[in-house]
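> So here's my_file_26.cif, just mmCIF, C-alpha atoms:
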data_coords
#
loop_
_atom_site.group_PDB
_atom_site.id
_atom_site.type_symbol
_atom_site.label_atom_id
_atom_site.label_comp_id
_atom_site.auth_asym_id
_atom_site.auth_seq_id
_atom_site.Cartn_x
_atom_site.Cartn_y
_atom_site.Cartn_z
ATOM 1 C CA MET I 1 0.000 0.000 0.000
ATOM 2 C CA ALA I 2 1.470 3.378 -1.127
ATOM 3 C CA GLU I 3 2.221 5.937 1.580
ATOM 4 C CA PRO I 4 -0.270 8.910 1.447
ATOM 5 C CA LYS I 5 1.197 12.157 0.099
ATOM 6 C CA SER I 6 1.706 15.116 2.365
ATOM 7 C CA LEU I 7 -0.180 18.397 1.963
ATOM 8 C CA LEU I 8 2.873 20.053 0.427
ATOM 9 C CA ASP I 9 3.238 17.282 -2.164
ATOM 10 C CA ARG I 10 -0.460 17.542 -3.071
ATOM 11 C CA ILE I 11 -0.168 21.350 -3.575
ATOM 12 C CA GLY I 12 2.856 20.868 -5.873
ATOM 13 C CA ASP I 13 1.043 18.226 -7.913
ATOM 14 C CA ALA I 14 -2.012 20.503 -8.315
ATOM 15 C CA LEU I 15 0.108 23.412 -9.602
ATOM 16 C CA LYS I 16 1.923 21.214 -12.115
ATOM 17 C CA SER I 17 -1.408 19.806 -13.317
ATOM 18 C CA GLU I 18 -2.827 23.328 -13.823
ATOM 19 C CA ALA I 19 0.219 24.410 -15.859
ATOM 20 C CA GLU I 20 0.009 21.283 -18.008
ATOM 21 C CA GLN I 21 -3.727 21.898 -18.641
ATOM 22 C CA LYS I 22 -3.076 25.473 -19.842
ATOM 23 C CA LYS I 23 -0.269 24.287 -22.095
ATOM 24 C CA GLU I 24 -2.551 21.614 -23.555
ATOM 25 C CA ALA I 25 -5.320 24.207 -24.185
ATOM 26 C CA VAL I 26 -2.919 26.444 -26.146
ATOM 27 C CA SER I 27 -1.751 23.457 -28.166
ATOM 28 C CA LYS I 28 -5.326 22.512 -29.078
ATOM 29 C CA ALA I 29 -6.119 26.111 -30.085
ATOM 30 C CA ALA I 30 -3.112 26.114 -32.412
ATOM 31 C CA GLU I 31 -4.303 22.841 -33.989
ATOM 32 C CA VAL I 32 -7.762 24.327 -34.598
ATOM 33 C CA VAL I 33 -6.277 27.411 -36.293
ATOM 34 C CA SER I 34 -4.030 25.262 -38.477
ATOM 35 C CA ALA I 35 -6.971 23.185 -39.663
ATOM 36 C CA ALA I 36 -9.159 26.262 -40.647
ATOM 37 C CA PRO I 37 -9.253 27.667 -44.276
ATOM 38 C CA ALA I 38 -6.720 30.323 -45.264
ATOM 39 C CA GLN I 39 -9.248 33.174 -45.318
ATOM 40 C CA ALA I 40 -10.471 32.170 -41.889
ATOM 41 C CA GLN I 41 -6.902 31.971 -40.685
ATOM 42 C CA LYS I 42 -6.298 35.535 -41.910
ATOM 43 C CA GLU I 43 -9.411 36.748 -40.142
ATOM 44 C CA VAL I 44 -8.653 35.059 -36.883
ATOM 45 C CA ALA I 45 -4.869 35.426 -37.045
ATOM 46 C CA PRO I 46 -4.775 38.648 -34.960
ATOM 47 C CA SER I 47 -7.070 37.135 -32.401
ATOM 48 C CA VAL I 48 -4.983 33.951 -32.354
ATOM 49 C CA GLN I 49 -1.815 35.954 -31.920
ATOM 50 C CA VAL I 50 -3.402 37.813 -29.030
ATOM 51 C CA LEU I 51 -4.582 34.547 -27.560
ATOM 52 C CA GLU I 52 -1.173 32.963 -28.065
ATOM 53 C CA ALA I 53 0.475 35.966 -26.432
ATOM 54 C CA LYS I 54 -1.946 35.767 -23.516
ATOM 55 C CA ALA I 55 -1.429 32.027 -23.335
ATOM 56 C CA VAL I 56 2.336 32.515 -23.252
ATOM 57 C CA GLU I 57 1.961 35.142 -20.534
ATOM 58 C CA ALA I 58 -0.400 32.889 -18.631
ATOM 59 C CA GLN I 59 2.034 30.018 -19.019
ATOM 60 C CA LYS I 60 4.912 32.202 -17.810
ATOM 61 C CA ALA I 61 2.781 33.400 -14.911
ATOM 62 C CA ALA I 62 1.839 29.811 -14.139
ATOM 63 C CA VAL I 63 5.500 28.746 -14.305
ATOM 64 C CA ALA I 64 6.495 31.659 -12.079
ATOM 65 C CA ALA I 65 3.700 30.870 -9.625
ATOM 66 C CA THR I 66 4.667 27.204 -9.726
ATOM 67 C CA GLN I 67 8.309 28.062 -9.072
ATOM 68 C CA LYS I 68 7.306 30.376 -6.249
ATOM 69 C CA LEU I 69 5.098 27.735 -4.693
ATOM 70 C CA GLU I 70 7.777 25.096 -5.191
ATOM 71 C CA ALA I 71 10.222 27.398 -3.422
ATOM 72 C CA GLN I 72 7.716 27.857 -0.628
ATOM 73 C CA VAL I 73 7.169 24.117 -0.477
ATOM 74 C CA ALA I 74 10.923 23.553 -0.339
ATOM 75 C CA ASP I 75 11.216 26.167 2.420
ATOM 76 C CA LEU I 76 8.402 24.513 4.333
ATOM 77 C CA ARG I 77 10.089 21.128 3.935
ATOM 78 C CA VAL I 78 13.334 22.565 5.289
ATOM 79 C CA LYS I 79 11.484 24.068 8.249
ATOM 80 C CA LEU I 80 9.616 20.825 8.793
ATOM 81 C CA ALA I 81 12.906 18.913 8.746
ATOM 82 C CA GLU I 82 14.330 21.383 11.266
ATOM 83 C CA LYS I 83 11.276 20.912 13.480
ATOM 84 C CA GLU I 84 11.577 17.139 13.224
ATOM 85 C CA ASN I 85 15.294 17.308 14.074
ATOM 86 C CA ALA I 86 14.564 19.582 17.036
ATOM 87 C CA TYR I 87 11.818 17.230 18.177
ATOM 88 C CA ALA I 88 14.129 14.232 17.822
ATOM 89 C CA GLN I 89 16.786 16.052 19.825
ATOM 90 C CA LYS I 90 14.303 16.991 22.556
ATOM 91 C CA SER I 91 12.974 13.447 22.567
ATOM 92 C CA GLY I 92 16.530 12.131 22.954
ATOM 93 C CA GLU I 93 17.165 14.548 25.805
ATOM 94 C CA LEU I 94 13.963 13.470 27.531
ATOM 95 C CA VAL I 95 14.901 9.812 27.146
ATOM 96 C CA ALA I 96 18.358 10.536 28.567
ATOM 97 C CA LYS I 97 16.839 12.440 31.495
ATOM 98 C CA GLU I 98 14.389 9.614 32.140
ATOM 99 C CA ARG I 99 17.223 7.077 32.160
ATOM 100 C CA ALA I 100 19.259 9.292 34.502
ATOM 101 C CA TRP I 101 16.242 9.647 36.778
ATOM 102 C CA MET I 102 15.690 5.882 36.827
ATOM 103 C CA THR I 103 19.375 5.348 37.683
ATOM 104 C CA GLU I 104 19.139 7.943 40.446
ATOM 105 C CA LYS I 105 15.951 6.313 41.720
ATOM 106 C CA ARG I 106 17.612 2.891 41.843
ATOM 107 C CA THR I 107 20.554 4.419 43.717
ATOM 108 C CA PHE I 108 18.174 6.103 46.166
ATOM 109 C CA VAL I 109 16.261 2.858 46.755
ATOM 110 C CA ALA I 110 19.529 0.992 47.378
ATOM 111 C CA LYS I 111 20.661 3.688 49.841
ATOM 112 C CA GLU I 112 17.287 3.580 51.577
ATOM 113 C CA GLN I 113 17.501 -0.193 51.939
ATOM 114 C CA GLU I 114 21.074 0.094 53.255
ATOM 115 C CA LEU I 115 20.041 2.744 55.802
ATOM 116 C CA THR I 116 17.022 0.682 56.840
ATOM 117 C CA ALA I 117 19.289 -2.320 57.450
ATOM 118 C CA LYS I 118 21.693 -0.164 59.496
ATOM 119 C CA VAL I 119 18.821 1.263 61.542
ATOM 120 C CA ALA I 120 17.618 -2.277 62.244
ATOM 121 C CA GLU I 121 21.159 -3.259 63.325
ATOM 122 C CA LEU I 122 21.414 -0.216 65.599
ATOM 123 C CA GLU I 123 18.011 -0.920 67.130
ATOM 124 C CA ALA I 124 19.033 -4.540 67.799
ATOM 125 C CA ALA I 125 22.350 -3.383 69.309
ATOM 126 C CA LEU I 126 20.522 -0.790 71.443
ATOM 127 C CA LYS I 127 18.071 -3.414 72.684
ATOM 128 C CA GLN I 128 20.925 -5.754 73.541
ATOM 129 C CA ALA I 129 22.778 -2.942 75.330
ATOM 130 C CA GLN I 130 19.631 -2.073 77.296
ATOM 131 C CA GLU I 131 19.201 -5.708 78.300
ATOM 132 C CA GLU I 132 22.865 -5.971 79.298
ATOM 133 C CA GLY I 133 22.575 -2.682 81.201
ATOM 134 C CA ALA I 134 19.531 -3.968 83.079
ATOM 135 C CA THR I 135 21.407 -7.153 83.934
ATOM 136 C CA LEU I 136 24.421 -5.181 85.140
ATOM 137 C CA ARG I 137 22.191 -2.921 87.237
ATOM 138 C CA GLU I 138 20.587 -5.954 88.838
ATOM 139 C CA GLN I 139 24.010 -7.441 89.521
ATOM 140 C CA ALA I 140 25.224 -4.137 90.978
ATOM 141 C CA LEU I 141 22.152 -3.884 93.209
ATOM 142 C CA ALA I 142 22.632 -7.466 94.335
ATOM 143 C CA ALA I 143 26.298 -6.800 95.075
ATOM 144 C CA THR I 144 25.368 -3.647 96.974
ATOM 145 C CA ARG I 145 22.806 -5.544 99.025
ATOM 146 C CA SER I 146 25.359 -8.307 99.648
ATOM 147 C CA VAL I 147 27.977 -5.821 100.813
ATOM 148 C CA ALA I 148 25.436 -4.060 103.009
ATOM 149 C CA ALA I 149 24.360 -7.355 104.552
ATOM 150 C CA ALA I 150 27.906 -8.618 105.082
ATOM 151 C CA PRO I 151 29.220 -8.202 108.614
ATOM 152 C CA ALA I 152 31.849 -5.565 109.177
ATOM 153 C CA PRO I 153 35.370 -6.981 109.289
ATOM 154 C CA ALA I 154 36.580 -7.817 112.784
ATOM 155 C CA ARG I 155 38.970 -5.401 114.493
ATOM 156 C CA ALA I 156 41.822 -6.414 116.762
ATOM 157 C CA TYR I 157 42.039 -5.341 120.386
ATOM 158 C CA THR I 158 44.874 -6.069 122.804
ATOM 159 C CA VAL I 159 43.747 -6.645 126.362
ATOM 160 C CA LYS I 160 45.274 -4.222 128.850
ATOM 161 C CA PRO I 161 45.630 -4.663 132.612
ATOM 162 C CA GLY I 162 42.325 -4.003 134.357
ATOM 163 C CA ASP I 163 40.223 -4.637 131.196
ATOM 164 C CA SER I 164 37.006 -6.609 131.254
ATOM 165 C CA LEU I 165 34.714 -7.582 128.395
ATOM 166 C CA SER I 166 32.098 -5.054 129.504
ATOM 167 C CA ALA I 167 34.750 -2.314 129.703
ATOM 168 C CA ILE I 168 36.001 -3.200 126.232
ATOM 169 C CA ALA I 169 32.400 -3.204 124.858
ATOM 170 C CA LYS I 170 31.854 0.203 126.438
ATOM 171 C CA SER I 171 35.070 1.448 124.788
ATOM 172 C CA VAL I 172 34.463 0.124 121.272
ATOM 173 C CA TYR I 173 30.654 0.120 121.056
ATOM 174 C CA GLY I 174 29.733 2.754 123.611
ATOM 175 C CA ASN I 175 27.546 0.132 125.276
ATOM 176 C CA ALA I 176 28.882 -2.192 127.944
ATOM 177 C CA ALA I 177 25.914 -4.527 127.561
ATOM 178 C CA ARG I 178 27.280 -5.688 124.184
ATOM 179 C CA TRP I 179 30.154 -7.633 125.801
ATOM 180 C CA PRO I 180 28.545 -11.006 124.810
ATOM 181 C CA GLU I 181 29.270 -10.183 121.169
ATOM 182 C CA ILE I 182 32.984 -9.955 121.960
ATOM 183 C CA PHE I 183 32.827 -13.165 123.958
ATOM 184 C CA GLU I 184 31.057 -15.089 121.129
ATOM 185 C CA ALA I 185 33.672 -13.897 118.629
ATOM 186 C CA ASN I 186 36.583 -15.062 120.857
ATOM 187 C CA LYS I 187 35.366 -18.326 122.399
ATOM 188 C CA ASP I 188 38.411 -20.061 121.015
ATOM 189 C CA ILE I 189 40.684 -18.079 123.336
ATOM 190 C CA ILE I 190 38.297 -17.065 126.175
ATOM 191 C CA LYS I 191 36.924 -19.930 128.217
ATOM 192 C CA ASP I 192 35.423 -17.759 130.975
ATOM 193 C CA PRO I 193 34.103 -14.286 130.152
ATOM 194 C CA LYS I 194 35.216 -13.088 133.569
ATOM 195 C CA LEU I 195 38.778 -14.203 133.042
ATOM 196 C CA ILE I 196 40.776 -12.370 130.391
ATOM 197 C CA ARG I 197 44.520 -11.746 130.535
ATOM 198 C CA PRO I 198 46.526 -8.705 129.498
ATOM 199 C CA GLY I 199 48.186 -9.199 126.149
ATOM 200 C CA GLN I 200 45.414 -11.318 124.634
ATOM 201 C CA GLU I 201 44.461 -10.345 121.053
ATOM 202 C CA LEU I 202 40.697 -10.193 120.825
ATOM 203 C CA ARG I 203 38.563 -9.886 117.687
ATOM 204 C CA ILE I 204 36.042 -7.051 117.882
ATOM 205 C CA PRO I 205 33.129 -7.875 115.538
#
For this file, produce the structure as structure tokens.

Amino acid sequence: MAEPKSLLDRIGDALKSEAEQKKEAVSKAAEVVSAAPAQAQKEVAPSVQVLEAKAVEAQKAAVAATQKLEAQVADLRVKLAEKENAYAQKSGELVAKERAWMTEKRTFVAKEQELTAKVAELEAALKQAQEEGATLREQALAATRSVAAAPAPARAYTVKPGDSLSAIAKSVYGNAARWPEIFEANKDIIKDPKLIRPGQELRIP
């Protein structure tokens, strides 16, 4: 199937057809004059000459108009080609921009996924640190309670002449009635709480 002609091609064809029709009309008029009798030819000769002159002028005018239109058609084709080239260039630029945008989008998506993974890692690490911190706090509290509950380390006291357990309790505790505590802590060396000797090393709990 033949490709349909453009508007410019159809205008050019119409102008050429009109010029050919005028040329054909002049040719037929000349044939008619040639076939007429001599007297008739003499009578119509001036009119024929005028007609021929007008036909020639019309043909020249038609040729000039055709040339002018052909020039216009050629100019329009050049402009159309320029428009098509500009459109092709713009289309190529748009395609390039679209490809660049798609590449940038893929890069952004990859970065987003990477950041999401890092955030998840940080959240997991933070949760683990919080759990470890809670465990350490519990251990510290337990150790504090253990230290608080542990008895104070025993102190040493050397018995002096005239000392008694109640006198020593009064000296170290400020309360003489606490002498049984000293006795219980030193049963290995004191057999009778009323009998202590100077120079003995007693543990004061």
> Measure the distance from atom CA of I:Asn186 to atom CA of I:Ala154 in Å and round it to one decimal.
10.8 Å
> What is the distance between atom CA of I:Gly199 and atom CA of I:Ala169, in Å to one decimal?
16.9 Å
> As an exercise, work out the distance from atom CA of I:Ala142 to atom CA of I:Ala125 in Å and give it to one decimal place.
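According to the coordinates, atom CA of I:Ala142 and atom CA of I:Ala125 are separated by 25.4 Å.
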> Specify as a PyMOL selection string each residue included when the PyMOL selection byres ((chain I and resi 165) around 12) is applied to this file.
chain I and resi 157-160+162-164+166-173+175-186+190+192-198+200+202-204
> Report as a ChimeraX atom specification all protein, DNA and RNA residues lying within 12 Å of I:Lys60, evaluated on all atoms listed in the file, omitting residues in the same chain fewer than 6 positions from it.
/I:19-20,22-23,52-54,66-68
> With distances taken over all atoms listed in the file, which of I:Leu136, I:Asp9, I:Ala143, I:Arg155 is nearest to I:Glu70?
I:Asp9
> Considering all atoms listed in the file, can you say which of I:Glu104, I:Glu132, I:Glu24, I:Asp13 comes closest to I:Gln59?
I:Glu24
